[in-house]
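Trainee: My structure is stored as coords_20.pdb, with PDB, C-alpha atoms.
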ATOM      1  CA  ALA A   1      -2.667 149.204 219.163
ATOM      2  CA  SER A   2      -4.717 150.985 216.482
ATOM      3  CA  GLN A   3      -3.310 154.367 217.577
ATOM      4  CA  ALA A   4      -6.725 155.914 217.092
ATOM      5  CA  GLY A   5      -8.866 157.964 219.439
ATOM      6  CA  VAL A   6      -8.422 160.898 221.780
ATOM      7  CA  PHE A   7      -5.231 159.537 223.355
ATOM      8  CA  ALA A   8      -3.531 158.693 220.070
ATOM      9  CA  GLY A   9      -0.157 160.279 219.524
ATOM     10  CA  THR A  10       2.654 160.634 217.055
ATOM     11  CA  SER A  11       5.563 158.200 216.972
ATOM     12  CA  PRO A  12       7.833 160.155 219.377
ATOM     13  CA  ARG A  13       7.131 158.974 222.918
ATOM     14  CA  LEU A  14       9.574 161.258 224.693
ATOM     15  CA  ALA A  15      10.758 164.813 224.048
ATOM     16  CA  PHE A  16      13.566 166.672 225.770
ATOM     17  CA  TRP A  17      15.412 169.973 225.500
ATOM     18  CA  LYS A  18      18.784 171.278 226.583
ATOM     19  CA  ALA A  19      20.620 174.606 226.407
ATOM     20  CA  LEU A  20      24.208 174.348 225.176
ATOM     21  CA  GLY A  21      26.931 176.973 225.088
ATOM     22  CA  GLY A  22      28.954 177.351 221.916
ATOM     23  CA  PRO A  23      32.576 178.372 221.383
ATOM     24  CA  ASP A  24      31.295 181.736 220.126
ATOM     25  CA  GLY A  25      29.660 182.440 223.498
ATOM     26  CA  LYS A  26      26.120 181.986 222.134
ATOM     27  CA  THR A  27      23.540 179.600 223.552
ATOM     28  CA  ARG A  28      21.864 177.105 221.263
ATOM     29  CA  TYR A  29      18.948 174.890 222.201
ATOM     30  CA  LEU A  30      18.740 171.200 221.459
ATOM     31  CA  GLN A  31      15.447 169.385 221.006
ATOM     32  CA  GLY A  32      15.403 165.614 221.114
ATOM     33  CA  THR A  33      12.786 162.937 220.605
ATOM     34  CA  ALA A  34      12.775 159.204 221.244
ATOM     35  CA  ARG A  35      10.518 156.746 219.446
ATOM     36  CA  PRO A  36      10.208 152.988 218.976
ATOM     37  CA  GLY A  37      11.654 151.498 215.802
ATOM     38  CA  ALA A  38      14.053 153.120 213.362
ATOM     39  CA  ALA A  39      13.875 155.051 210.112
ATOM     40  CA  SER A  40      17.272 153.837 208.966
ATOM     41  CA  VAL A  41      19.895 151.453 210.294
ATOM     42  CA  THR A  42      23.545 151.290 209.250
ATOM     43  CA  THR A  43      25.354 148.723 211.365
ATOM     44  CA  VAL A  44      27.623 145.703 211.344
ATOM     45  CA  TYR A  45      25.888 144.450 214.496
ATOM     46  CA  PRO A  46      23.097 141.870 214.425
ATOM     47  CA  TYR A  47      19.958 143.402 215.891
ATOM     48  CA  ASN A  48      16.315 142.630 216.581
ATOM     49  CA  ALA A  49      14.120 145.065 214.665
ATOM     50  CA  SER A  50      11.372 144.697 217.285
ATOM     51  CA  GLN A  51      13.693 145.811 220.096
ATOM     52  CA  ILE A  52      15.224 149.023 218.812
ATOM     53  CA  PHE A  53      14.433 152.682 219.336
ATOM     54  CA  THR A  54      15.600 155.909 217.745
ATOM     55  CA  ILE A  55      16.736 159.139 219.345
ATOM     56  CA  THR A  56      16.649 162.130 217.022
ATOM     57  CA  VAL A  57      18.228 165.459 217.947
ATOM     58  CA  TYR A  58      17.887 168.900 216.406
ATOM     59  CA  LEU A  59      19.447 172.288 217.050
ATOM     60  CA  SER A  60      16.797 174.978 217.082
ATOM     61  CA  THR A  61      16.675 178.376 218.780
ATOM     62  CA  GLY A  62      20.047 180.081 218.729
ATOM     63  CA  ILE A  63      21.522 178.485 215.614
ATOM     64  CA  THR A  64      23.529 180.895 213.498
ATOM     65  CA  SER A  65      23.733 178.982 210.207
ATOM     66  CA  ARG A  66      21.638 180.444 207.420
ATOM     67  CA  GLY A  67      20.622 179.282 203.946
ATOM     68  CA  ARG A  68      19.033 180.942 200.944
ATOM     69  CA  ILE A  69      15.962 180.083 198.915
ATOM     70  CA  GLY A  70      14.762 181.501 195.624
ATOM     71  CA  ILE A  71      12.249 181.029 192.830
ATOM     72  CA  ASP A  72      13.199 179.325 189.599
ATOM     73  CA  ALA A  73      11.910 180.054 186.073
ATOM     74  CA  THR A  74       8.815 177.931 186.692
ATOM     75  CA  MET A  75       7.990 179.929 189.850
ATOM     76  CA  TYR A  76       8.874 176.959 192.022
ATOM     77  CA  GLY A  77      10.692 177.504 195.294
ATOM     78  CA  THR A  78      14.219 176.142 195.246
ATOM     79  CA  VAL A  79      17.183 175.959 197.597
ATOM     80  CA  LEU A  80      20.035 178.256 196.591
ATOM     81  CA  GLU A  81      22.227 177.542 199.588
ATOM     82  CA  ASN A  82      21.716 174.766 202.141
ATOM     83  CA  PRO A  83      21.484 176.071 205.707
ATOM     84  CA  TRP A  84      23.013 173.136 207.546
ATOM     85  CA  PHE A  85      26.209 173.851 209.491
ATOM     86  CA  GLN A  86      27.155 176.947 207.495
ATOM     87  CA  ASP A  87      28.537 178.205 210.796
ATOM     88  CA  PRO A  88      31.035 175.654 212.170
ATOM     89  CA  ASN A  89      29.994 176.665 215.690
ATOM     90  CA  ASP A  90      26.626 175.014 215.099
ATOM     91  CA  LYS A  91      28.323 171.739 214.182
ATOM     92  CA  THR A  92      30.601 171.962 217.227
ATOM     93  CA  VAL A  93      27.572 172.334 219.483
ATOM     94  CA  MET A  94      25.730 169.479 217.759
ATOM     95  CA  LEU A  95      28.701 167.139 218.222
ATOM     96  CA  LYS A  96      28.954 168.178 221.860
ATOM     97  CA  ALA A  97      25.255 167.471 222.360
ATOM     98  CA  ILE A  98      25.350 164.030 220.756
ATOM     99  CA  ASN A  99      28.456 162.976 222.659
ATOM    100  CA  GLU A 100      26.928 164.116 225.960
ATOM    101  CA  LEU A 101      23.729 162.234 225.147
ATOM    102  CA  LEU A 102      25.573 159.014 224.327
ATOM    103  CA  ALA A 103      28.007 159.196 227.236
ATOM    104  CA  THR A 104      25.774 156.970 229.374
ATOM    105  CA  VAL A 105      24.865 154.312 226.790
ATOM    106  CA  ASN A 106      27.405 151.883 228.235
ATOM    107  CA  GLN A 107      25.819 152.233 231.666
ATOM    108  CA  VAL A 108      22.562 150.640 230.495
ATOM    109  CA  PRO A 109      22.760 146.815 230.573
ATOM    110  CA  GLY A 110      22.007 145.233 227.214
ATOM    111  CA  LEU A 111      21.841 148.557 225.355
ATOM    112  CA  THR A 112      24.009 148.758 222.225
ATOM    113  CA  LEU A 113      24.384 151.741 219.929
ATOM    114  CA  ILE A 114      23.959 150.425 216.385
ATOM    115  CA  THR A 115      23.774 153.625 214.289
ATOM    116  CA  PRO A 116      26.478 154.707 214.161
ATOM    117  CA  ASP A 117      28.137 151.518 215.363
ATOM    118  CA  ASN A 118      31.669 150.970 216.629
ATOM    119  CA  THR A 119      33.148 151.316 213.127
ATOM    120  CA  THR A 120      32.160 154.977 212.806
ATOM    121  CA  SER A 121      32.924 157.885 215.126
ATOM    122  CA  ILE A 122      30.238 160.421 215.977
ATOM    123  CA  THR A 123      32.231 163.129 214.194
ATOM    124  CA  ASP A 124      32.546 161.048 211.015
ATOM    125  CA  TYR A 125      28.861 160.156 211.181
ATOM    126  CA  VAL A 126      27.794 163.808 211.406
ATOM    127  CA  ASN A 127      30.281 164.935 208.760
ATOM    128  CA  SER A 128      29.060 162.318 206.284
ATOM    129  CA  TYR A 129      25.345 162.688 207.014
ATOM    130  CA  ASN A 130      23.452 163.337 203.781
ATOM    131  CA  PRO A 131      21.064 166.313 204.141
ATOM    132  CA  ALA A 132      18.839 164.683 201.513
ATOM    133  CA  GLY A 133      18.057 162.022 204.106
ATOM    134  CA  MET A 134      16.703 164.495 206.641
ATOM    135  CA  ASN A 135      12.996 163.994 207.117
ATOM    136  CA  SER A 136      12.298 166.847 209.490
ATOM    137  CA  ASN A 137      12.857 170.250 207.944
ATOM    138  CA  HIS A 138      11.104 173.279 209.398
ATOM    139  CA  TRP A 139      12.333 176.135 207.250
ATOM    140  CA  CYS A 140      11.316 179.563 208.438
ATOM    141  CA  GLY A 141      12.452 183.185 208.457
ATOM    142  CA  SER A 142      12.927 183.683 204.707
ATOM    143  CA  THR A 143      10.323 186.473 204.582
ATOM    144  CA  ARG A 144      10.373 187.514 208.214
ATOM    145  CA  ILE A 145       7.853 189.785 209.900
ATOM    146  CA  GLY A 146       9.000 192.968 211.597
ATOM    147  CA  THR A 147       8.516 196.658 212.297
ATOM    148  CA  SER A 148      10.827 198.068 209.624
ATOM    149  CA  SER A 149      11.572 197.371 205.975
ATOM    150  CA  SER A 150      15.269 197.515 206.862
ATOM    151  CA  ASN A 151      15.142 194.236 208.781
ATOM    152  CA  SER A 152      12.023 192.410 207.562
ATOM    153  CA  VAL A 153       9.972 191.578 204.469
ATOM    154  CA  VAL A 154       6.442 192.006 205.831
ATOM    155  CA  ASP A 155       4.902 194.372 208.347
ATOM    156  CA  GLU A 156       2.813 193.450 211.390
ATOM    157  CA  ASN A 157      -0.184 192.877 209.105
ATOM    158  CA  THR A 158       1.844 190.425 206.985
ATOM    159  CA  LYS A 159       1.835 192.919 204.090
ATOM    160  CA  VAL A 160       5.027 193.124 202.042
ATOM    161  CA  TRP A 161       6.704 196.457 202.652
ATOM    162  CA  GLY A 162       6.112 198.951 199.825
ATOM    163  CA  THR A 163       3.089 197.141 198.392
ATOM    164  CA  ASN A 164      -0.639 197.622 198.780
ATOM    165  CA  ASN A 165      -2.081 194.169 198.233
ATOM    166  CA  LEU A 166       0.686 191.577 198.570
ATOM    167  CA  PHE A 167       0.672 189.481 201.730
ATOM    168  CA  ILE A 168       2.761 186.529 202.901
ATOM    169  CA  VAL A 169       1.245 184.088 205.359
ATOM    170  CA  ASP A 170       3.413 181.018 205.876
ATOM    171  CA  ALA A 171       6.437 179.777 207.820
ATOM    172  CA  GLY A 172       8.611 182.365 206.099
ATOM    173  CA  ILE A 173       7.324 185.228 208.253
ATOM    174  CA  VAL A 174       8.372 183.577 211.525
ATOM    175  CA  PRO A 175      11.495 185.594 212.416
ATOM    176  CA  GLY A 176      13.550 182.779 213.931
ATOM    177  CA  GLN A 177      13.820 179.054 214.525
ATOM    178  CA  PRO A 178      11.532 178.034 217.413
ATOM    179  CA  MET A 179      12.662 175.635 220.110
ATOM    180  CA  GLY A 180      10.192 172.882 219.296
ATOM    181  CA  ASN A 181       8.094 171.612 216.412
ATOM    182  CA  PRO A 182       6.606 174.758 214.839
ATOM    183  CA  HIS A 183       3.545 173.248 213.140
ATOM    184  CA  ALA A 184       0.964 174.513 215.654
ATOM    185  CA  MET A 185       2.597 177.943 215.680
ATOM    186  CA  PHE A 186       2.299 178.187 211.889
ATOM    187  CA  MET A 187      -1.426 177.445 212.101
ATOM    188  CA  VAL A 188      -1.877 180.143 214.766
ATOM    189  CA  VAL A 189       0.086 182.594 212.617
ATOM    190  CA  GLY A 190      -2.244 181.851 209.716
ATOM    191  CA  GLU A 191      -5.386 182.469 211.752
ATOM    192  CA  ALA A 192      -4.015 185.681 213.262
ATOM    193  CA  ALA A 193      -2.902 186.942 209.855
ATOM    194  CA  VAL A 194      -6.344 186.431 208.337
ATOM    195  CA  THR A 195      -7.878 188.553 211.089
ATOM    196  CA  LYS A 196      -5.331 191.328 210.540
ATOM    197  CA  ILE A 197      -5.694 191.312 206.743
ATOM    198  CA  LEU A 198      -9.498 191.440 206.853
ATOM    199  CA  ALA A 199      -9.340 194.318 209.358
ATOM    200  CA  LEU A 200      -7.396 196.487 206.901
ATOM    201  CA  ALA A 201      -9.173 199.058 204.717
ATOM    202  CA  GLY A 202     -10.984 197.187 201.956
ATOM    203  CA  GLY A 203     -11.206 193.946 203.936
ATOM    204  CA  ALA A 204     -14.311 191.870 203.490
TER     205      ALA A 204
END
Show me the file's structure as structure tokens.

Mentor:
Amino acid sequence: ASQAGVFAGTSPRLAFWKALGGPDGKTRYLQGTARPGAASVTTVYPYNASQIFTITVYLSTGITSRGRIGIDATMYGTVLENPWFQDPNDKTVMLKAINELLATVNQVPGLTLITPDNTTSITDYVNSYNPAGMNSNHWCGSTRIGTSSSNSVVDENTKVWGTNNLFIVDAGIVPGQPMGNPHAMFMVVGEAAVTKILALAGGA
């Protein structure tokens, strides 16, 4: 009950993945999690808050939508263009995934979908979803790592191309969206980068 100790875990109790084909012929991967409780509820149904669970789904590897970030006058990172559903094929695949996931809800006795409820279609729900309400954003790839300055920002040592002492070590160097939560990968990237940087001439 205290959720402490070696067997403690995060709120998601179940994770699943699925490969989905898009109308453009490209495969996109869906990651889903299920957890007790709910972050938000919009429903006309009465419900028992102690008997609800939330399924959250994300598109990850294979998405083709892209955004842009920049730096403002105060040197603070800022979003120039939101990345969500810039390619309509991504939205088509997401709608397909959600509808497939919910196709069996009616087969479970006593299970009622409350968000969205029967007053809102899945398409309308996705179309009206406010990106500001998203609480799981894993931005990456803005300063990607690579083998050439023509297709990347940093080299294999995380050094910015054309510089001698400027390095980038964060989620930006990951070249693409991973299939699952990338937090552990970012920590590994950081440790590996430190080793590479210190091994360069002049490293301490």

Trainee: So that I can see what lies close to region 69-71 of chain A, please list as a compact mmCIF listing (two decimals) with C-alpha atoms, in the frame of the given file the residues with an atom at most 9 Å from it, counting only C-alpha atoms and leaving out residues fewer than 2 positions away in the same chain.

Mentor:
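Written out: out-v3.txt:
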# COMPACT_ATOMS: atom_id res chain seq x y z
CA GLY A 67 20.62 179.28 203.95
CA ALA A 73 11.91 180.05 186.07
CA THR A 74 8.82 177.93 186.69
CA MET A 75 7.99 179.93 189.85
CA TYR A 76 8.87 176.96 192.02
CA GLY A 77 10.69 177.50 195.29
CA THR A 78 14.22 176.14 195.25
CA VAL A 79 17.18 175.96 197.60
CA LEU A 80 20.04 178.26 196.59
CA GLU A 81 22.23 177.54 199.59
CA ASN A 82 21.72 174.77 202.14
CA SER A 142 12.93 183.68 204.71

Trainee: Kindly indicate which residue among A:Leu14, A:Ile168, A:Val126, A:Ala199 lies nearest to Thr143 (chain A), using all atoms listed in the file for the distances.

Mentor: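 For Thr143 (chain A), the nearest of the candidates is A:Ile168.
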
Trainee: Can you work out which one of A:Leu113, A:Val154, A:Leu102, A:Ala97 has the shortest atom-to-atom distance to Tyr58 (chain A), counting all atoms listed in the file?

Mentor: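 Nearest to Tyr58 (chain A): A:Ala97.
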
Trainee: Taking a cut-off of 12 Å and counting all atoms listed in the file, can you build a table that, for each residue of region 86-172 of chain A near region 177-193 of chain A, reports the nearest atom pair and how far apart they are in Å (one decimal), sorted by chain then residue number, as a Markdown table?

Mentor:
| residue | atom | partner | partner_atom | distance |
| --- | --- | --- | --- | --- |
| A:Ser136 | CA | A:Asn181 | CA | 9.4 |
| A:Asn137 | CA | A:Asn181 | CA | 9.8 |
| A:His138 | CA | A:Pro182 | CA | 7.2 |
| A:Trp139 | CA | A:Gln177 | CA | 8.0 |
| A:Cys140 | CA | A:Gln177 | CA | 6.6 |
| A:Gly141 | CA | A:Gln177 | CA | 7.5 |
| A:Ser142 | CA | A:Gln177 | CA | 10.9 |
| A:Arg144 | CA | A:Gln177 | CA | 11.1 |
| A:Ile145 | CA | A:Val189 | CA | 10.9 |
| A:Val154 | CA | A:Ala193 | CA | 11.4 |
| A:Asp155 | CA | A:Ala193 | CA | 10.9 |
| A:Glu156 | CA | A:Ala193 | CA | 8.8 |
| A:Asn157 | CA | A:Ala193 | CA | 6.6 |
| A:Thr158 | CA | A:Ala193 | CA | 6.5 |
| A:Lys159 | CA | A:Ala193 | CA | 9.6 |
| A:Phe167 | CA | A:Ala193 | CA | 9.2 |
| A:Ile168 | CA | A:Ala193 | CA | 9.0 |
| A:Val169 | CA | A:Gly190 | CA | 6.0 |
| A:Asp170 | CA | A:Phe186 | CA | 6.7 |
| A:Ala171 | CA | A:Phe186 | CA | 6.0 |
| A:Gly172 | CA | A:Phe186 | CA | 9.5 |

Trainee: To one decimal place, how far is CA of Thr43 (chain A) from CA of Asp90 (chain A) in Å?

Mentor: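 For CA of Thr43 (chain A) relative to CA of Asp90 (chain A), the distance reads 26.6 Å.
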
Trainee: As a ChimeraX atom specification, please: the residues near Pro46 (chain A) (cut-off 12 Å, only C-alpha atoms, same-chain neighbours under 6 positions excluded).

Mentor: /A:52,112-115,117

Trainee: Restricting the calculation to only C-alpha atoms: of A:Pro36, A:Asp87, A:Lys196, A:Pro131, which residue gets closest to Ala49 (chain A)?

Mentor: A:Pro36

Trainee: As an exercise, work out the distance from CA of Trp17 (chain A) to CA of Gly146 (chain A) in Å and give it to one decimal place.

Mentor: 27.6 Å

Trainee: Any idea what the distance is between CA of Leu166 (chain A) and CA of Pro83 (chain A)?

Mentor: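 For CA of Leu166 (chain A) relative to CA of Pro83 (chain A), the distance reads 26.9 Å.
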
Trainee: Selection in question (the file shown): the PyMOL selection byres ((chain A and resi 129) around 12). Which residues does it include, as a PyMOL selection string?

Mentor: chain A and resi 42+84-85+91+115-116+120+122-128+130-134

Trainee: Residues of region 84-151 of chain A that have any atom at most 10 Å from an atom of region 29-32 of chain A: could you tabulate them with the shortest-distance atom pair and the distance in Å to one decimal, using all atoms listed in the file, ordered by chain and increasing number, as JSON lines?

Mentor:
{"residue": "A:Val93", "atom": "CA", "partner": "A:Leu30", "partner_atom": "CA", "distance": 9.1}
{"residue": "A:Met94", "atom": "CA", "partner": "A:Leu30", "partner_atom": "CA", "distance": 8.1}
{"residue": "A:Ala97", "atom": "CA", "partner": "A:Leu30", "partner_atom": "CA", "distance": 7.6}
{"residue": "A:Ile98", "atom": "CA", "partner": "A:Leu30", "partner_atom": "CA", "distance": 9.8}
{"residue": "A:Leu101", "atom": "CA", "partner": "A:Gly32", "partner_atom": "CA", "distance": 9.8}

Trainee: Report the residues retrieved by the PyMOL selection byres ((chain A and resi 12) around 7) from the displayed file, expressed as a list of chain:residue names.

Mentor: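 Selection result, ordered by chain and number: A:Thr10, A:Ser11, A:Arg13, A:Leu14, A:Thr33, A:Ala34, A:Arg35.
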
Trainee: Could you work out an axis-aligned box for region 60-76 of chain A, taking every atom the file lists and adding 8 Å on each side, and report centre and edge lengths in Å to one decimal, as AutoDock Vina command-line options?

Mentor:
--center_x 15.9 --center_y 178.2 --center_z 202.4 --size_x 31.7 --size_y 22.5 --size_z 48.7

Trainee: Given the choices A:Arg28, A:Ser150, A:Asn89, A:Phe16, which gets closest to Thr56 (chain A) if the distance is worked out from all atoms listed in the file?

Mentor: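 Distance minimum relative to Thr56 (chain A) lands on A:Phe16.
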
Trainee: So, counting all atoms listed in the file, which residue among A:Thr61, A:Glu100, A:Ile173, A:Trp161 is closest to Lys26 (chain A)?

Mentor: A:Thr61

Trainee: For a quick check of understanding, using only C-alpha atoms, which of A:Val194, A:Val153, A:Pro23, A:Ile55 has the smallest distance to Ala38 (chain A)?

Mentor: A:Ile55
